[in-house]
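protein_20.txt (compact mmCIF, C-alpha atoms and all ligand atoms)
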```
# COMPACT_ATOMS: atom_id res chain seq x y z
CA MET S 10 14.38 7.71 62.57
CA LYS S 11 13.94 11.31 63.69
CA LYS S 12 13.88 12.54 67.28
CA LYS S 13 10.19 13.38 67.07
CA LYS S 14 9.25 9.84 66.06
CA ALA S 15 11.46 8.29 68.76
CA ASN S 16 9.93 10.57 71.37
CA LYS S 17 6.42 9.62 70.27
CA LEU S 18 7.22 5.89 70.32
CA ALA S 19 8.56 6.13 73.87
CA GLU S 20 5.72 8.34 75.08
CA GLU S 21 3.01 6.07 73.69
CA LYS S 22 4.59 2.83 74.86
CA LEU S 23 5.97 3.59 78.33
CA PRO S 24 4.42 4.57 81.67
CA LYS S 25 4.81 8.32 82.29
CA LYS S 26 7.68 8.01 84.77
CA ARG S 27 9.66 5.71 82.52
CA TYR S 28 9.05 7.98 79.54
CA GLU S 29 10.30 10.94 81.59
CA HIS S 30 13.38 8.91 82.60
CA SER S 31 14.02 8.21 78.90
CA VAL S 32 13.80 11.92 78.04
CA ARG S 33 16.26 12.75 80.84
CA VAL S 34 18.64 10.00 79.68
CA ALA S 35 18.51 11.49 76.16
CA GLU S 36 19.15 15.02 77.46
CA THR S 37 21.98 13.87 79.73
CA ALA S 38 23.48 11.88 76.87
CA VAL S 39 23.36 14.87 74.49
CA GLY S 40 25.24 16.97 77.07
CA MET S 41 27.82 14.21 77.44
CA ALA S 42 28.18 13.90 73.66
CA GLU S 43 28.99 17.61 73.53
CA GLN S 44 31.52 17.15 76.31
CA PHE S 45 33.20 14.02 74.96
CA GLY S 46 32.86 14.60 71.23
CA GLY S 47 30.17 11.99 70.64
CA ASP S 48 27.34 11.89 68.12
CA LYS S 49 24.51 13.92 69.65
CA GLU S 50 21.83 12.67 67.30
CA LYS S 51 22.66 8.99 67.91
CA VAL S 52 22.87 9.21 71.70
CA GLU S 53 19.62 11.18 71.77
CA LEU S 54 17.72 8.52 69.80
CA ALA S 55 19.27 5.69 71.82
CA GLY S 56 18.44 7.51 75.06
CA LEU S 57 14.81 7.98 74.09
CA LEU S 58 14.44 4.35 73.00
CA HIS S 59 16.72 2.44 75.40
CA ASP S 60 13.97 1.20 77.76
CA TYR S 61 11.34 0.67 75.06
CA ALA S 62 10.92 -3.06 75.87
CA LYS S 63 11.17 -2.62 79.66
CA TYR S 64 7.50 -3.32 80.40
CA ASP S 65 6.78 -6.00 77.84
CA GLU S 66 5.51 -9.26 79.29
CA LEU S 67 8.24 -11.78 80.07
CA SER S 68 6.59 -14.31 77.78
CA LYS S 69 6.85 -11.80 74.92
CA LEU S 70 10.49 -10.99 75.74
CA TYR S 71 11.31 -14.72 75.73
CA GLN S 72 9.58 -15.19 72.38
CA LEU S 73 11.48 -12.27 70.89
CA VAL S 74 14.83 -13.63 72.12
CA THR S 75 14.10 -16.67 69.95
CA LYS S 76 12.57 -14.74 67.04
CA TYR S 77 15.52 -12.37 66.78
CA GLU S 78 18.03 -15.19 67.37
CA LEU S 79 19.54 -13.47 70.38
CA ASP S 80 21.94 -15.43 72.59
CA ASN S 81 19.88 -18.05 74.47
CA GLU S 82 22.30 -17.61 77.35
CA LEU S 83 20.38 -14.39 78.15
CA LEU S 84 17.52 -16.56 79.43
CA ALA S 85 19.69 -18.08 82.18
CA TYR S 86 20.13 -14.74 84.00
CA ASN S 87 17.87 -12.10 85.56
CA SER S 88 15.02 -11.13 83.29
CA GLU S 89 15.98 -7.45 83.78
CA ILE S 90 18.80 -7.97 81.25
CA LEU S 91 16.39 -8.81 78.41
CA HIS S 92 14.83 -5.42 77.64
CA GLY S 93 18.01 -3.96 76.14
CA PRO S 94 18.75 -6.69 73.58
CA VAL S 95 15.06 -7.16 72.72
CA GLY S 96 14.40 -3.40 72.48
CA ALA S 97 17.41 -2.98 70.19
CA CYS S 98 16.06 -5.69 67.87
CA MET S 99 12.55 -4.19 67.90
CA MET S 100 14.01 -0.88 66.78
CA LYS S 101 16.12 -2.53 64.08
CA TYR S 102 13.60 -5.00 62.68
CA GLU S 103 10.20 -3.42 63.45
CA PHE S 104 10.94 0.28 63.21
CA GLY S 105 13.81 0.33 60.71
CA VAL S 106 16.42 1.95 62.94
CA GLU S 107 19.38 0.85 60.85
CA ASP S 108 22.22 2.50 62.74
CA GLU S 109 24.59 -0.04 64.32
CA GLU S 110 25.80 2.30 67.07
CA ILE S 111 22.25 3.02 68.21
CA PHE S 112 21.55 -0.71 68.09
CA LEU S 113 24.56 -1.46 70.31
CA ALA S 114 23.80 1.36 72.74
CA ILE S 115 20.27 0.11 73.35
CA HIS S 116 21.41 -3.52 73.35
CA ASN S 117 24.13 -3.09 75.98
CA HIS S 118 22.73 -0.30 78.14
CA THR S 119 22.03 -2.55 81.16
CA THR S 120 25.06 -4.84 81.23
CA GLY S 121 27.73 -2.88 79.41
CA ARG S 122 30.46 -4.92 77.72
CA ALA S 123 34.19 -4.73 76.99
CA GLN S 124 35.25 -2.25 74.28
CA MET S 125 32.10 -0.19 74.05
CA THR S 126 31.75 2.46 71.34
CA LEU S 127 31.55 6.07 72.51
CA THR S 128 27.79 6.10 71.86
CA GLU S 129 27.34 2.97 74.01
CA LYS S 130 29.46 4.41 76.81
CA ILE S 131 27.50 7.65 76.90
CA VAL S 132 24.10 5.96 77.02
CA PHE S 133 25.31 3.44 79.63
CA VAL S 134 26.50 6.23 81.93
CA ALA S 135 23.63 8.66 81.20
CA ASP S 136 21.15 5.94 82.23
CA TYR S 137 22.87 5.79 85.62
CA ILE S 138 23.38 9.52 86.31
CA GLU S 139 20.37 11.27 84.73
CA PRO S 140 19.09 13.93 87.17
CA GLY S 141 16.13 11.80 88.36
CA ARG S 142 18.43 9.08 89.73
CA ASN S 143 19.21 9.10 93.44
CA GLN S 144 20.94 5.79 94.16
CA PRO S 145 23.56 6.04 96.93
CA GLY S 146 26.85 7.37 95.59
CA VAL S 147 25.46 8.58 92.27
CA ASP S 148 27.01 12.01 92.90
CA ASP S 149 30.46 10.37 92.91
CA ILE S 150 29.77 9.08 89.39
CA ARG S 151 28.46 12.52 88.31
CA LYS S 152 31.71 14.03 89.54
CA LEU S 153 33.75 11.52 87.51
CA ILE S 154 31.90 12.77 84.43
CA TYR S 155 31.38 16.50 85.02
CA THR S 156 34.56 17.31 86.98
CA ASP S 157 37.14 14.64 86.13
CA GLU S 158 35.75 13.97 82.61
CA ASP S 159 36.78 10.32 83.01
CA LEU S 160 34.22 8.27 81.12
CA ASP S 161 36.02 4.94 81.49
CA LYS S 162 36.43 5.33 85.25
CA ALA S 163 32.70 6.11 85.51
CA ILE S 164 31.91 2.92 83.59
CA TYR S 165 34.14 0.93 85.92
CA GLU S 166 32.56 2.44 89.03
CA ILE S 167 29.01 1.86 87.77
CA SER S 168 29.84 -1.78 86.91
CA LYS S 169 31.47 -2.27 90.28
CA ARG S 170 28.45 -0.90 92.14
CA THR S 171 26.07 -3.01 90.10
CA VAL S 172 28.12 -6.16 90.72
CA LEU S 173 28.37 -5.44 94.46
CA TYR S 174 24.62 -4.84 94.57
CA LEU S 175 23.88 -8.09 92.74
CA VAL S 176 26.29 -10.15 94.85
CA GLU S 177 24.84 -8.66 98.02
CA LYS S 178 21.42 -10.03 97.13
CA ASP S 179 22.93 -13.38 96.03
CA SER S 180 21.88 -12.69 92.47
CA ILE S 181 23.37 -14.32 89.40
CA ILE S 182 25.43 -11.99 87.18
CA TYR S 183 25.44 -11.94 83.39
CA PRO S 184 29.02 -12.51 82.14
CA LYS S 185 29.08 -9.34 79.99
CA THR S 186 28.76 -7.33 83.21
CA ILE S 187 31.93 -8.99 84.50
CA ASP S 188 33.67 -8.48 81.14
CA CYS S 189 32.80 -4.80 81.38
CA LEU S 190 34.07 -4.58 84.97
CA ASN S 191 37.37 -6.22 84.04
CA TYR S 192 37.89 -4.29 80.81
CA TYR S 193 37.34 -0.91 82.43
CA ASN S 194 39.44 -1.76 85.48
CA LEU S 195 42.18 0.77 84.87
CA GLU S 196 44.52 -0.91 87.34
CA LYS S 197 45.00 -3.90 85.07
O1 LIG Z 201 16.13 -0.02 82.91
P1 LIG Z 201 16.73 0.88 83.97
O2 LIG Z 201 16.05 0.73 85.30
O3 LIG Z 201 16.78 2.31 83.55
O4 LIG Z 201 18.25 0.43 84.20
P2 LIG Z 201 19.12 -0.79 83.62
O5 LIG Z 201 18.53 -1.31 82.38
O6 LIG Z 201 20.52 -0.27 83.53
O7 LIG Z 201 19.22 -1.90 84.74
C1 LIG Z 201 18.20 -2.50 85.39
C2 LIG Z 201 18.73 -3.36 86.53
O8 LIG Z 201 19.15 -4.63 86.08
C3 LIG Z 201 19.94 -2.89 87.31
O9 LIG Z 201 19.56 -2.07 88.38
C4 LIG Z 201 20.52 -4.19 87.90
C5 LIG Z 201 19.72 -5.26 87.22
N1 LIG Z 201 20.46 -6.45 86.79
C6 LIG Z 201 20.02 -7.70 86.97
N2 LIG Z 201 20.90 -8.59 86.51
C7 LIG Z 201 21.94 -7.90 86.01
C8 LIG Z 201 21.66 -6.51 86.18
N3 LIG Z 201 22.51 -5.56 85.78
C9 LIG Z 201 23.67 -5.97 85.20
N4 LIG Z 201 24.55 -5.03 84.80
N5 LIG Z 201 24.01 -7.29 85.02
C10 LIG Z 201 23.18 -8.30 85.41
O10 LIG Z 201 23.46 -9.49 85.24
FE FE Z 202 17.08 -0.23 81.09
FE FE Z 203 22.07 1.10 83.13
FE FE Z 204 16.96 3.30 81.72
```

Go ahead and express the file in the form of structure tokens.
Ligand code: DGI
Ligand code: FE
Ligand code: FE
Ligand code: FE
Amino acid sequence: MKKKKANKLAEEKLPKKRYEHSVRVAETAVGMAEQFGGDKEKVELAGLLHDYAKYDELSKLYQLVTKYELDNELLAYNSEILHGPVGACMMKYEFGVEDEEIFLAIHNHTTGRAQMTLTEKIVFVADYIEPGRNQPGVDDIRKLIYTDEDLDKAIYEISKRTVLYLVEKDSIIYPKTIDCLNYYNLEK
């Protein structure tokens, strides 16, 4: 798939603000790919498409988990973790996006995982630090990227903040999030 097609898919499917977020994630990811030696074309497509399934009805997301034979375990956690895996499969099976790295980057953009590819890492972090984001402490993560150039530390800090946030609201946590936290804990 070409950038133009990905852009059009996102623009036609998503509410304006979410489309604009996707464009900023793609732009941020391209900058990071330049910085870290990643594949600009792949991170750009994954950035544009990463939230494609975000506003699909839950009933549809559930159906697609079954249709695409995704891990049923996904259904036991917060429904917010479904749009990545389902969106990745939509791109692969409905729109012919064959590339495995793009697939993984969309798939794991919410939860992260241990041993991410460079493309996955960039999209995971770009989603958190794109210029429209203003969550508390986001500037600390931006500094880890733009000043320290420490991608793995940024992944650890993002996972840590997400886990703290989820625990604070007594939410259940998908195990891949914990795997990601542990794997990128550089003290280990
Ligand atoms: O889709 P976005 O809003 O751009 O961002 P996202 O897909 O990274 O994450 C959406 C939210 O999902 C995030 O703010 C926290 C929430 N969430 C719920 N359960 C989990 C979770 N995030 C992780 N990492 N793990 C969970 O189990
Ligand atoms: Fe998302
Ligand atoms: Fe994210
Ligand atoms: Fe996003």

Any residue with an atom at most 9 Å from ligand LIG 201 (chain Z) counts, using all atoms listed in the file. Which are they? Put them as an mmCIF file with C-alpha atoms, in the coordinates of the input.
```
data_model
loop_
_atom_site.group_PDB
_atom_site.id
_atom_site.type_symbol
_atom_site.label_atom_id
_atom_site.label_comp_id
_atom_site.auth_asym_id
_atom_site.auth_seq_id
_atom_site.Cartn_x
_atom_site.Cartn_y
_atom_site.Cartn_z
ATOM 1 C CA ARG S 27 9.660 5.710 82.520
ATOM 2 C CA HIS S 30 13.380 8.910 82.600
ATOM 3 C CA SER S 31 14.020 8.210 78.900
ATOM 4 C CA VAL S 34 18.640 10.000 79.680
ATOM 5 C CA HIS S 59 16.720 2.440 75.400
ATOM 6 C CA ASP S 60 13.970 1.200 77.760
ATOM 7 C CA LYS S 63 11.170 -2.620 79.660
ATOM 8 C CA TYR S 86 20.130 -14.740 84.000
ATOM 9 C CA ASN S 87 17.870 -12.100 85.560
ATOM 10 C CA SER S 88 15.020 -11.130 83.290
ATOM 11 C CA GLU S 89 15.980 -7.450 83.780
ATOM 12 C CA ILE S 90 18.800 -7.970 81.250
ATOM 13 C CA LEU S 91 16.390 -8.810 78.410
ATOM 14 C CA HIS S 92 14.830 -5.420 77.640
ATOM 15 C CA GLY S 93 18.010 -3.960 76.140
ATOM 16 C CA ASN S 117 24.130 -3.090 75.980
ATOM 17 C CA HIS S 118 22.730 -0.300 78.140
ATOM 18 C CA THR S 119 22.030 -2.550 81.160
ATOM 19 C CA THR S 120 25.060 -4.840 81.230
ATOM 20 C CA GLY S 121 27.730 -2.880 79.410
ATOM 21 C CA PHE S 133 25.310 3.440 79.630
ATOM 22 C CA VAL S 134 26.500 6.230 81.930
ATOM 23 C CA ASP S 136 21.150 5.940 82.230
ATOM 24 C CA TYR S 137 22.870 5.790 85.620
ATOM 25 C CA ILE S 167 29.010 1.860 87.770
ATOM 26 C CA SER S 168 29.840 -1.780 86.910
ATOM 27 C CA THR S 171 26.070 -3.010 90.100
ATOM 28 C CA VAL S 172 28.120 -6.160 90.720
ATOM 29 C CA TYR S 174 24.620 -4.840 94.570
ATOM 30 C CA LEU S 175 23.880 -8.090 92.740
ATOM 31 C CA SER S 180 21.880 -12.690 92.470
ATOM 32 C CA ILE S 181 23.370 -14.320 89.400
ATOM 33 C CA ILE S 182 25.430 -11.990 87.180
ATOM 34 C CA TYR S 183 25.440 -11.940 83.390
ATOM 35 C CA PRO S 184 29.020 -12.510 82.140
ATOM 36 C CA LYS S 185 29.080 -9.340 79.990
ATOM 37 C CA THR S 186 28.760 -7.330 83.210
ATOM 38 C CA ILE S 187 31.930 -8.990 84.500
ATOM 39 C CA CYS S 189 32.800 -4.800 81.380
#
```

From the options S:Val132, S:Met41, S:Val106, S:Leu173, which residue's atoms come nearest to ligand FE 202 (chain Z), counting all atoms listed in the file?
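Among S:Val132, S:Met41, S:Val106, S:Leu173, it is S:Val132 that comes nearest to ligand FE 202 (chain Z).
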
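Pairwise distance (CA of Glu21 (chain S), CA of Leu57 (chain S)) equals 12.0 Å.
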
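Nearest to ligand FE 202 (chain Z) of all the residues S:Gly96, S:Gly40, S:Gly47, S:Pro24 is S:Gly96, counting all atoms listed in the file.
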
The residue from S:Gly56, S:Pro94, S:Gly46, S:Gly146 with the smallest atom-to-atom distance to ligand FE 204 (chain Z), counting only C-alpha atoms and all ligand atoms, is S:Gly56

Residue nearest ligand FE 203 (chain Z) - candidates S:Ala97, S:Ala42, S:Ala123, S:Ala135, atoms counted: only C-alpha atoms and all ligand atoms:
S:Ala135

Using only C-alpha atoms and all ligand atoms, which of the listed residues (S:Leu190, S:Leu113, S:Ile138, S:Leu127) sits closest to ligand FE 204 (chain Z)?
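Closest to ligand FE 204 (chain Z), using only C-alpha atoms and all ligand atoms: S:Ile138.
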
Top pick for closest residue to ligand FE 203 (chain Z), considering S:Lys76, S:Arg122, S:Leu153, S:Val176 and counting only C-alpha atoms and all ligand atoms
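Answer, going by the shortest atom-to-atom distance: S:Arg122.
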
Have a look at CA of Asn143 (chain S) and CA of Ala38 (chain S) and let me know their distance in Å, one decimal.
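CA of Asn143 (chain S) sits 17.3 Å away from CA of Ala38 (chain S).
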
A straight line from CA of Ala15 (chain S) to atom FE of ligand FE 203 (chain Z) spans 19.3 Å
